[in-house]
Structure formats: structure tokens, C-alpha cells
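J.: Following this message is one structure expressed as C-alpha cells.
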Amino acid sequence: MDIIDLHCDVLARMHKAKGKIPFADSKDLDVTFEKLKQGGVRIQAFAIFVSPSIKSDEKFQVALDQIHYFYTEVIGKNPQMKALKTWDDFDQLQDGQIGAFLTLEGVDCIGNDMQKLSILRELGVLSIGLTWNNANLAADGVGEERGAGLTAFGKEIIQFCNENNILSDVSHLSERAFWDVMDIAHFPIASHSNSQTLCTHRRNLTDEQATELFKKNGLIHVVYNPPFVVEKGDASISDLIAHIDHFCSLGGVHQIGLGSDFDGISEKITNLEDASMHPALINELLTRYSEDEVKGFAFQNFLDHRPGRQAVL
């Protein structure tokens with residue numbers, strides 16, 4: 001079964017290693033070409049993540065460096081990998097190809113310069129999250145004690161997303177910033193978040209947030225990070241599926257997807273430790289849901305709700 005994974009941190013790992021990690025088959029990466037092929041992943045999102053600890057005047061270059069590794073190492077050295085730069089490109093994948101697209105996890109790297117954001121869009125970014133856990137010029141993240149919402153600049157970025165058919169990613173936002181995004185975003189998504197009802201981590205979504213996302217045609221992609229899955233201890237595939245069950249109970253059966261966070265997490269779900277192991281998740285889902293519902297979680301829900309495919313509410 002084809003799979004679309006909305007979040008991995010391969011590019012940050014490559015940047016840290018100065019591009020010396022081979023994407024084809026590195027044992028040091030959770031996501032490689034070989035592991036994507038083994039796991040049935042048809043489309044993989046690659047996040048551009050620039051750490052808040054990097055000096056402000058160096059951040060945009062770090063983002064560009066990660067994009068360079070995307071095109072030279074991920075795409076350039078693996079002929080079966082295809083860069084997806086528009087939503088229509090998703091429909092052009094040929095048999096045997098694996099699609100890859102760029103997302104931006106935090107806009108720190110652009111400072112207050114919208115021209116830099118336009119450049120990132122031209123380079124292929126299709127989803128933008130305003131911040132990671134920190135606060136920046138656009139919004140507060142879940143790690144900022146102040147818990148403020150969007151700034152005027154943040155609202156300008158969401159309008160940019162609306163006008164350019166870019167997803168507005170709410171994972172990592174403070175709760176107030178989440179609601180500000182939901183007020184104005186045409187294409188909201190939580191690329192890697194779980195249910196706070198089942199696991200009270202600050203990164204997870206309340207039932208009210210999840211319900212609002214579903215109401216606005218948004219998507220929630222469950223994340224494989226054990227601290228976001230269970231309160232303590234080891235996490236199983238069944239524990240992860242419990243979050244899918246809960247979101248389905250809120251009416252989201254056609255708006256749930258997958259967002260592994262591979263290469264950005266240090267702990268792993270048992271039997272779901274890297275991209276090659278997705279069949280274990282799919283097989284367990286098939287014991288609980290219909291084949292059409294599992295296809296929805298795996299890939300079809302995302303394809304049906306990408307910009308240009310659904311009505312804006």
C-alpha cells in the first residue's frame with residue numbers, strides 16, 4: 001500500500017554531517033531511499049529545520065544549504081526519487097518513482113523578509129509552519145511560556161500561504177497561535193501531532209483543536225514519537241493506532257494521515273523504528289479498519305485534501 005509521510009528531518013541531519021551521509025542506504029538515517037522503497041513510502045516530505053540556536057544572520061544560508069542537499073543528495077544521486085514542486089506534480093509520479101517535497105518547520109530563517117519566503121516557495125516549499133517550539137517574529141511556539149498568538153507578520157505569512165496554495169502547518173504552535181491560524185488559513189494541517197486526550201504532551205492537540213481542523217477541511221497526521229504517544233514507557237503500534245481511533249471518534253476518518261518525524265526523534269515505537277517498517281503499521285491497521293479507510297490514512301486523505309482539491313471554508 002502506498003504511503004505519504006508528512007514529516008522527516010533528514011535534511012537537518014545531512015546539514016549537521018556536512019552532506020557526508022549517503023541518502024541511498026545510510027545506516028545512520030531512519031529515512032533512506034532503500035528504506036522508503038522497502039516500506040512502501042510513495043511520497044516523503046522533507047522538512048527544512050533551522051535550529052533557534054543558529055545565529056540570525058546565518059539562518060537563511062542554513063535553509064538554503066539543506067535545500068541544496070535535498071536536490072543534490074536526495075534527488076540528484078537517486079534517479080528514482082522525483083522532486084514534487086507543485087501539487088499537480090503528485091499526479092505525475094511514474095511507477096517505480098518515489099516523490100519528495102520540501103516543507104518549512106519554522107520561519108526563523110527569513111527574519112522579517114517576505115522575499116526570502118518567496119524564494120523558498122520557488123525552490124519547492126509546499127508547507128509552512130510558522131515556528132518550532134520557540135517564539136519568533138511570526139508566532140509563539142508551544143515552548144514559549146508567554147503563549148501569545150500570531151503577530152501581524154505571522155498573519156501576512158498565512159495570507160501568503162493562502163494565495164500560493166501552501167499548507168499552513170499548526171504543529172508546534174502555541175494554542176493561541178493555533179486558533180489565530182484557524183481563523184484565516186485556507187489550508188490548515190497538523191503535519192505531526194497526536195491527541196492530548198490520550199497523551200498530555202504540550203505538542204499534542206486538544207479535542208477542540210482537532211475538531212476545528214476537521215471542520216475546516218484540515219488534516220492531522222499522527223506522529224511516531226513515543227513521548228507524544230504514551231505518557232511514559234515504551235510505545236507500541238497499538239498505542240499509536242489509539243490516537244487514530246480517537247481522531248476517528250471526533251469525525252476525522254477521512255482527514256487522518258501519517259507524519260513519522262523520523263530522523264528527528266531519538267525514541268522509537270517498537271516495530272516502527274524506521275521508514276522500512278511501515279508495513280507493520282499498515283497490517284495492524286487492516287485488522288481494525290476497512291481497506292479503503294486504511295488507504296485513506298496511508299495516502300488518499302492527503303491527496304484528497306491538498307490545496308486545489310477541496311473547497312475553502
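Letters A, B, ... mark the chains of the C-alpha cells in the order given; residue numbers begin at 1 per chain; ligand numbers begin at 1, in order shown.
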Which residues of region 243-272 of chain A come within 9 Å of region 232-238 of chain A, and what is each one's closest atom pair and distance in Å (one decimal), counting only C-alpha atoms, sorted by chain and residue number, as a Markdown table?
T.:
```
| residue | atom | partner | partner_atom | distance |
| --- | --- | --- | --- | --- |
| A:Glu267 | CA | A:Asp234 | CA | 8.7 |
| A:Lys268 | CA | A:Ala235 | CA | 7.6 |
| A:Ile269 | CA | A:Ala235 | CA | 5.1 |
| A:Thr270 | CA | A:Ser236 | CA | 5.3 |
| A:Asn271 | CA | A:Ile237 | CA | 7.4 |
| A:Leu272 | CA | A:Ile237 | CA | 7.2 |
```
J.: Can you check which residues of region 136-299 of chain A DSSP gives as alpha helix (DSSP H) on the backbone and send them as a PyMOL selection string?
T.: chain A and resi 152-163+175-184+207-215+226-229+237-249+278-286+291-295
J.: When distances are computed from only C-alpha atoms, which of A:Ala210, A:Leu123, A:Ala298, A:Ala45 shows the smallest separation from Gly251 (chain A)?
T.: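 Of the candidates, the smallest distance to Gly251 (chain A) is held by A:Ala210.
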J.: Would you mind listing what lies within 10 Å of region 276-285 of chain A as a count of residues only, with only C-alpha atoms counted and same-chain residues fewer than 6 positions away left out?
T.: 28
J.: Between A:Glu122, A:Glu105, A:Asp91, A:Glu175, which residue has the minimum interatomic distance to Asp9 (chain A), considering only C-alpha atoms?
T.: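 Nearest candidate to Asp9 (chain A) out of A:Glu122, A:Glu105, A:Asp91, A:Glu175: A:Glu105.
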J.: Using DSSP on the backbone coordinates, identify the residues of region 158-269 of chain A assigned to strand (DSSP E or B); present them as a list of chain:residue names.
T.: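 Assigned to strand (DSSP E or B), within region 158-269 of chain A: A:Leu167, A:Ser168, A:Asp169, A:Leu173, A:Pro188, A:Ile189, A:Ala190, A:Ser195, A:Leu205, A:Leu219, A:Ile220, A:His221, A:Val222, A:Ile256, A:Gly257, A:Leu258, A:Phe262, A:Ile269.
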J.: Now that the selection is made, can you save its residues with C-alpha atoms as an mmCIF file, in the first residue's frame?
T.:
```
data_model
loop_
_atom_site.group_PDB
_atom_site.id
_atom_site.type_symbol
_atom_site.label_atom_id
_atom_site.label_comp_id
_atom_site.auth_asym_id
_atom_site.auth_seq_id
_atom_site.Cartn_x
_atom_site.Cartn_y
_atom_site.Cartn_z
ATOM 1 C CA LEU A 167 -0.286 24.322 3.585
ATOM 2 C CA SER A 168 -0.310 26.180 6.926
ATOM 3 C CA ASP A 169 1.151 23.728 9.456
ATOM 4 C CA LEU A 173 2.278 26.362 17.589
ATOM 5 C CA PRO A 188 -4.523 24.121 7.677
ATOM 6 C CA ILE A 189 -2.738 20.909 8.612
ATOM 7 C CA ALA A 190 -1.044 19.342 11.626
ATOM 8 C CA SER A 195 -4.183 13.606 20.737
ATOM 9 C CA LEU A 205 -3.812 18.641 20.090
ATOM 10 C CA LEU A 219 -5.684 17.141 8.232
ATOM 11 C CA ILE A 220 -3.994 15.626 11.272
ATOM 12 C CA HIS A 221 -1.002 13.377 10.603
ATOM 13 C CA VAL A 222 -0.149 11.228 13.614
ATOM 14 C CA ILE A 256 -6.106 11.495 9.192
ATOM 15 C CA GLY A 257 -2.642 10.781 7.815
ATOM 16 C CA LEU A 258 0.903 9.828 8.846
ATOM 17 C CA PHE A 262 11.858 10.032 11.576
ATOM 18 C CA ILE A 269 7.819 2.862 18.563
#
```
J.: Check which residues of region 62-127 of chain A sit at most 10 Å from region 140-159 of chain A using only C-alpha atoms, and return one row each with the closest pair of atoms and their distance in Å to one decimal, ordered by chain and rising number, as JSON lines.
T.:
```
{"residue": "A:Gly106", "atom": "CA", "partner": "A:Gly141", "partner_atom": "CA", "distance": 9.4}
{"residue": "A:Val107", "atom": "CA", "partner": "A:Ile157", "partner_atom": "CA", "distance": 9.1}
{"residue": "A:Asn112", "atom": "CA", "partner": "A:Phe153", "partner_atom": "CA", "distance": 7.5}
{"residue": "A:Asp113", "atom": "CA", "partner": "A:Phe153", "partner_atom": "CA", "distance": 9.7}
{"residue": "A:Met114", "atom": "CA", "partner": "A:Ile157", "partner_atom": "CA", "distance": 7.8}
{"residue": "A:Leu117", "atom": "CA", "partner": "A:Ile157", "partner_atom": "CA", "distance": 8.5}
```
J.: Write the residues you've just listed into a file as a tab-separated table (two decimals), in the first residue's frame, and include C-alpha atoms for each of them.
T.:
```tsv
chain	number	residue	atom	x	y	z
A	106	GLY	CA	9.65	27.47	11.39
A	107	VAL	CA	10.15	30.77	9.56
A	112	ASN	CA	11.14	39.68	8.51
A	113	ASP	CA	11.87	39.39	4.77
A	114	MET	CA	8.93	38.07	2.72
A	117	LEU	CA	9.85	33.26	1.71
```
J.: Considering only C-alpha atoms, state which residue in the set A:Thr206, A:Ile43, A:Cys248, A:Val230 is at the smallest distance from Ile4 (chain A).
T.: A:Ile43
J.: Would you mind reading off the distance between CA of Leu11 (chain A) and CA of Gln255 (chain A), one decimal, in Å?
T.: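 CA of Gln255 (chain A) lies 27.0 Å from CA of Leu11 (chain A).
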J.: Could you check the closest approach to Lys18 (chain A) for each of A:Asp292, A:Glu73, A:Asp183, A:Asp304 and tell me which residue wins, using only C-alpha atoms?
T.: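 Among the listed residues, A:Glu73 lies closest to Lys18 (chain A).
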J.: For Ala63 (chain A), which residue among A:Ala12, A:Ala139, A:Leu286, A:Ala24 is the nearest when counting only C-alpha atoms?
T.: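 Closest to Ala63 (chain A), using only C-alpha atoms: A:Ala12.
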J.: As an mmCIF file with N, CA and C atoms, in the first residue's frame, please: the residues near Ala83 (chain A) (cut-off 6 Å, only C-alpha atoms, same-chain neighbours under 4 positions excluded).
T.:
```cif
data_model
loop_
_atom_site.group_PDB
_atom_site.id
_atom_site.type_symbol
_atom_site.label_atom_id
_atom_site.label_comp_id
_atom_site.auth_asym_id
_atom_site.auth_seq_id
_atom_site.Cartn_x
_atom_site.Cartn_y
_atom_site.Cartn_z
ATOM 1 N N GLY A 99 8.183 10.101 -4.735
ATOM 2 C CA GLY A 99 8.105 11.553 -4.710
ATOM 3 C C GLY A 99 8.675 12.130 -3.428
ATOM 4 N N ALA A 100 9.215 13.338 -3.517
ATOM 5 C CA ALA A 100 9.780 14.030 -2.362
ATOM 6 C C ALA A 100 9.465 15.512 -2.481
ATOM 7 N N PHE A 101 9.020 16.118 -1.376
ATOM 8 C CA PHE A 101 8.762 17.549 -1.415
ATOM 9 C C PHE A 101 9.245 18.214 -0.135
#
```
J.: Would you please work out which residue, of A:Met14, A:Met81, A:Leu29, A:Val125, is nearest to Leu104 (chain A) when using only C-alpha atoms?
T.: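 For Leu104 (chain A), the nearest of the given residues is A:Val125.
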J.: Quick one: residues within 12 Å of Val10 (chain A), only C-alpha atoms counted, chain neighbours fewer than 6 positions away excluded, as JSON, numbers by chain?
T.: {"A": [16, 17, 19, 21, 22, 23, 24, 26, 28, 29, 30, 31, 32, 33, 44, 45, 46, 47, 48, 49, 66, 67, 69, 70, 73, 74, 100, 102, 103, 260, 261, 262, 263, 264, 265, 274, 275]}
J.: I need the residues from that last selection saved to file as a short mmCIF file (atom, residue, chain, number, x, y, z; two decimals), in the first residue's frame (with C-alpha atoms), if you can.
T.:
```cif
data_model
loop_
_atom_site.label_atom_id
_atom_site.label_comp_id
_atom_site.auth_asym_id
_atom_site.auth_seq_id
_atom_site.Cartn_x
_atom_site.Cartn_y
_atom_site.Cartn_z
CA LYS A 16 24.93 18.60 10.56
CA ALA A 17 27.08 15.98 8.78
CA GLY A 19 26.39 16.28 3.39
CA ILE A 21 25.61 10.91 4.88
CA PRO A 22 24.57 8.99 1.74
CA PHE A 23 20.80 9.13 1.37
CA ALA A 24 20.64 5.97 -0.71
CA SER A 26 22.95 5.08 5.12
CA ASP A 28 22.69 6.39 10.19
CA LEU A 29 19.33 7.57 8.78
CA ASP A 30 15.81 6.40 9.57
CA VAL A 31 14.72 7.53 6.10
CA THR A 32 16.78 6.50 3.07
CA PHE A 33 15.90 5.62 -0.50
CA GLN A 44 8.05 11.69 1.59
CA ALA A 45 8.03 15.24 2.93
CA PHE A 46 11.46 16.64 3.87
CA ALA A 47 11.45 19.38 6.50
CA ILE A 48 13.80 22.35 6.43
CA PHE A 49 14.56 22.89 10.12
CA GLN A 66 19.51 22.00 3.40
CA ILE A 67 17.66 22.60 0.12
CA TYR A 69 21.32 18.65 -0.01
CA PHE A 70 17.73 17.85 -0.98
CA GLU A 73 21.93 14.16 -2.37
CA VAL A 74 18.29 13.04 -2.10
CA ALA A 100 9.78 14.03 -2.36
CA LEU A 102 10.00 20.31 0.86
CA THR A 103 8.34 21.74 3.96
CA SER A 260 6.60 9.95 11.27
CA ASP A 261 9.15 12.57 12.44
CA PHE A 262 11.86 10.03 11.58
CA ASP A 263 15.41 11.36 11.95
CA GLY A 264 14.05 13.98 14.34
CA ILE A 265 13.24 11.60 17.20
CA ASP A 274 12.41 3.43 10.55
CA ALA A 275 10.71 4.02 7.19
#
```
J.: One decimal, Å: what's the distance from CA of Arg203 (chain A) over to CA of Arg288 (chain A), could you say?
T.: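 Computing the Euclidean distance for CA of Arg203 (chain A) and CA of Arg288 (chain A) yields 26.5 Å.
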